[in-house]
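Notes to accompany the following structure.
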Amino acid sequence: MEAILREAQEPYRTLYALLAGCGPMRAGEALGLDIRSIHPDSRTLDIVQKAKRGELQGYMKTKNADSKHGRVVDLPVELAAMLREFVGARQSGLVFCEEDGSQISQRDILKYSLHPILRKLGLKQGGLNVFRRFRITVMEIAEVPQALQHTWSGHARTHVSEIYKKLLKQREWRLEWAEKIGIGFALPPRDVRGAKISRNAQLAQLIEFRKVG
């Protein structure tokens with residue numbers, strides 16, 4: 001996972017980190033994530049729609065993942081900070097989008113980013129669900145309560161005791177578990193987008209200096 005993130009450029013780097021380090025979300029849910037669905041501290045995301053083939057759909061893949069059943073995913077602090085930095089000053093629109101605000105195609109992500117990276121690393125070719133499977137494995141190893149795993153992943157719930165029904169509504173309890181699990185991998189230095197901004201700022205300063213000079 002760390003090797004993939006080191007090779008990825010924005011916006012794919014943040015997308016991959018989010019898919020592999022939170023809930024987990026399905027790829028369509030991440031690509032349909034609206035900035036207004038991010039809580040103020042960036043640690044909880046409301047999953048209310050998904051992106052599919054250029055369309056935003058206000059329903060989930062299964063009824064267990066539907067927002068009316070209370071579907072949320074929670075992030076560890078480090079990942080929340082990365083997401084907050086990526087969103088920046090934007091107040092609305094899709095978190096991951098093209099320059100014109102339209103949704104990013106999963107096919108283009110695979111063609112121009114993930115598959116070339118996997119080939120370069122000599123890894124087996126796979127789709128965006130590799131990140132979701134990774135996160136589910138991390139949760140199982142960390143022995144996250146099954147009820148919470150099902151809530152985060154949108155899977156059908158097995159028997160849930162009354163105590164877990166109450167705990168699942170407690171955001172602080174969920175955030176404690178999100179932090180306890182952590183991301184499951186080390187985030188690479190976030191220099192791609194920052195470097196571009198820095199270079200643009202330096203260029204602007206140079207132009208201004210020449211005008212004054």
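Residue names in the structure tokens use chain letters A, B, ... in the order shown, residue numbers from 1 in each chain, and ligand numbers from 1 in the order shown.
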Quick one: residues within 10 Å of Arg36 in chain A, only C-alpha atoms counted, chain neighbours fewer than 6 positions away excluded, as a ChimeraX atom specification?
-> /A:45-46,90-95
Compile the contact shell of Ala186 in chain A as number ranges by chain: residues with an atom at most 12 Å away, counting only C-alpha atoms, same-chain residues fewer than 6 positions apart removed.
-> A: 1-6, 17, 20-21, 78-79
So which one's closest to Tyr12 in chain A, A:Ser153, A:Gln146, A:Gln125, A:Gln106? Using only C-alpha atoms, please.
->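 Selected residue with least distance to Tyr12 in chain A: A:Gln106.
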DSSP on the backbone: what in range 39-170 of chain A comes out strand (DSSP E or B), as an MDAnalysis selection string?
-> chainID A and resid 44:46 50:52 55:57 72:74 94 97 103
Export of prior selection with N, CA, C and O atoms as a short mmCIF file (atom, residue, chain, number, x, y, z; two decimals), in the first residue's frame:
data_model
loop_
_atom_site.label_atom_id
_atom_site.label_comp_id
_atom_site.auth_asym_id
_atom_site.auth_seq_id
_atom_site.Cartn_x
_atom_site.Cartn_y
_atom_site.Cartn_z
N THR A 44 -15.42 12.30 10.26
CA THR A 44 -16.56 11.46 9.93
C THR A 44 -17.13 11.89 8.58
O THR A 44 -17.24 13.08 8.30
N LEU A 45 -17.47 10.91 7.77
CA LEU A 45 -18.04 11.16 6.45
C LEU A 45 -19.43 10.54 6.39
O LEU A 45 -19.61 9.38 6.77
N ASP A 46 -20.40 11.30 5.92
CA ASP A 46 -21.74 10.78 5.70
C ASP A 46 -21.81 10.23 4.28
O ASP A 46 -21.57 10.96 3.31
N LYS A 50 -23.48 7.82 -4.44
CA LYS A 50 -22.33 7.20 -5.10
C LYS A 50 -22.26 7.68 -6.54
O LYS A 50 -23.26 8.12 -7.12
N ALA A 51 -21.07 7.64 -7.09
CA ALA A 51 -20.85 8.04 -8.48
C ALA A 51 -20.72 6.80 -9.35
O ALA A 51 -19.99 5.87 -9.01
N LYS A 52 -21.44 6.81 -10.45
CA LYS A 52 -21.37 5.66 -11.36
C LYS A 52 -21.59 6.12 -12.79
O LYS A 52 -22.63 6.67 -13.12
N GLU A 55 -22.85 9.59 -13.42
CA GLU A 55 -24.11 9.90 -12.75
C GLU A 55 -23.91 9.84 -11.25
O GLU A 55 -23.17 9.00 -10.74
N LEU A 56 -24.58 10.74 -10.52
CA LEU A 56 -24.59 10.67 -9.06
C LEU A 56 -25.89 10.02 -8.64
O LEU A 56 -26.98 10.48 -9.00
N GLN A 57 -25.79 8.94 -7.90
CA GLN A 57 -26.96 8.19 -7.48
C GLN A 57 -27.15 8.34 -5.97
O GLN A 57 -26.23 8.06 -5.20
N VAL A 72 -22.21 5.78 8.11
CA VAL A 72 -21.13 6.75 8.22
C VAL A 72 -19.83 5.98 8.21
O VAL A 72 -19.80 4.78 8.48
N VAL A 73 -18.74 6.65 7.89
CA VAL A 73 -17.41 6.08 8.09
C VAL A 73 -16.59 7.10 8.87
O VAL A 73 -16.81 8.31 8.76
N ASP A 74 -15.68 6.60 9.67
CA ASP A 74 -14.88 7.45 10.54
C ASP A 74 -13.40 7.29 10.23
O ASP A 74 -12.94 6.20 9.85
N LEU A 94 -17.78 17.85 -5.48
CA LEU A 94 -17.20 16.54 -5.20
C LEU A 94 -15.78 16.70 -4.66
O LEU A 94 -15.03 17.56 -5.11
N CYS A 97 -12.66 15.24 -8.24
CA CYS A 97 -13.34 15.65 -9.46
C CYS A 97 -12.34 16.14 -10.50
O CYS A 97 -11.17 16.40 -10.20
N GLN A 103 -17.37 14.32 -12.13
CA GLN A 103 -16.79 13.18 -11.42
C GLN A 103 -15.69 12.52 -12.23
O GLN A 103 -15.67 12.56 -13.46
#
DSSP on the backbone: what in range 33-200 of chain A comes out alpha helix (DSSP H), as a VMD selection string?
-> chain A and resid 77 to 87 106 to 109 115 to 121 129 to 141 146 to 153 162 to 167 171 to 181 192 to 200
Each residue of range 59-131 of chain A with at least one atom at most 8 Å from range 27-30 of chain A should appear once, together with its nearest atom pair and the corresponding distance in Å (one decimal); atoms considered: only C-alpha atoms; ordering: chain, then increasing residue number; output as a Markdown table.
| residue | atom | partner | partner_atom | distance |
| --- | --- | --- | --- | --- |
| A:Met60 | CA | A:Glu29 | CA | 7.9 |
| A:Phe96 | CA | A:Ala30 | CA | 7.8 |
| A:Gln106 | CA | A:Ala27 | CA | 8.0 |
| A:Leu128 | CA | A:Ala27 | CA | 6.2 |
| A:Asn129 | CA | A:Ala27 | CA | 6.9 |
Among the residues A:Arg132, A:Arg107, A:Met139, A:Lys165, the one that comes closest to Lys180 in chain A [using only C-alpha atoms] =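 Of A:Arg132, A:Arg107, A:Met139, A:Lys165, the one nearest Lys180 in chain A is A:Met139, counting only C-alpha atoms.
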Find the spatial neighbours of Ser42 in chain A, counting only C-alpha atoms, within a cut-off of 8 Å - ignore same-chain residues fewer than 5 positions away - and output them as number ranges by chain.
-> A: 75, 80-81, 83-84
Can you list, as a VMD selection string, every protein, DNA or RNA residue that comes within 10 Å of Phe131 in chain A when you count only C-alpha atoms, leaving out same-chain residues fewer than 3 positions away?
-> chain A and resid 1 15 to 22 24 to 27 126 to 128 134 to 137
Would you mind exporting the chosen residues as a CSV table (one decimal), in the first residue's frame, restricted to N, CA and C atoms?
chain,number,residue,atom,x,y,z
A,1,MET,N,0.8,-1.2,0.0
A,1,MET,CA,0.0,0.0,0.0
A,1,MET,C,0.9,1.3,0.0
A,15,LEU,N,-7.2,9.8,-2.8
A,15,LEU,CA,-8.2,8.8,-3.0
A,15,LEU,C,-7.8,7.5,-2.6
A,16,TYR,N,-6.7,7.0,-2.9
A,16,TYR,CA,-6.2,5.7,-2.5
A,16,TYR,C,-6.1,5.6,-1.0
A,17,ALA,N,-5.5,6.6,-0.4
A,17,ALA,CA,-5.3,6.6,1.0
A,17,ALA,C,-6.6,6.6,1.7
A,18,LEU,N,-7.6,7.3,1.2
A,18,LEU,CA,-9.0,7.3,1.8
A,18,LEU,C,-9.6,5.9,1.7
A,19,LEU,N,-9.5,5.3,0.5
A,19,LEU,CA,-10.1,4.0,0.3
A,19,LEU,C,-9.5,2.9,1.2
A,20,ALA,N,-8.2,3.0,1.4
A,20,ALA,CA,-7.5,2.0,2.1
A,20,ALA,C,-7.4,2.3,3.6
A,21,GLY,N,-7.7,3.5,4.0
A,21,GLY,CA,-7.5,3.9,5.4
A,21,GLY,C,-8.7,4.2,6.2
A,22,CYS,N,-9.9,4.2,5.6
A,22,CYS,CA,-11.1,4.6,6.4
A,22,CYS,C,-12.1,3.4,6.4
A,24,PRO,N,-14.4,0.7,5.6
A,24,PRO,CA,-14.0,1.2,4.3
A,24,PRO,C,-15.2,1.7,3.4
A,25,MET,N,-14.9,2.5,2.4
A,25,MET,CA,-15.9,2.9,1.4
A,25,MET,C,-15.7,2.1,0.2
A,26,ARG,N,-16.7,2.0,-0.6
A,26,ARG,CA,-16.6,1.5,-1.9
A,26,ARG,C,-16.1,2.6,-2.8
A,27,ALA,N,-15.5,2.3,-4.0
A,27,ALA,CA,-14.9,3.3,-4.8
A,27,ALA,C,-16.0,4.3,-5.3
A,126,GLY,N,-5.3,-5.3,-10.4
A,126,GLY,CA,-6.6,-5.3,-9.7
A,126,GLY,C,-7.3,-4.0,-9.8
A,127,GLY,N,-8.6,-4.0,-9.4
A,127,GLY,CA,-9.4,-2.8,-9.4
A,127,GLY,C,-9.3,-2.0,-8.1
A,128,LEU,N,-10.1,-1.0,-8.0
A,128,LEU,CA,-10.1,-0.2,-6.8
A,128,LEU,C,-10.6,-0.9,-5.6
A,134,PHE,N,-8.2,-4.5,1.5
A,134,PHE,CA,-7.1,-4.2,2.4
A,134,PHE,C,-7.6,-3.7,3.8
A,135,ARG,N,-8.5,-2.7,3.7
A,135,ARG,CA,-9.1,-2.1,5.0
A,135,ARG,C,-9.9,-3.1,5.8
A,136,ILE,N,-10.7,-4.0,5.1
A,136,ILE,CA,-11.4,-5.0,5.8
A,136,ILE,C,-10.5,-5.9,6.5
A,137,THR,N,-9.4,-6.3,5.9
A,137,THR,CA,-8.4,-7.2,6.5
A,137,THR,C,-7.8,-6.5,7.7
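Between CA of Arg133 in chain A and CA of Ser105 in chain A there is a distance of 20.6 Å.
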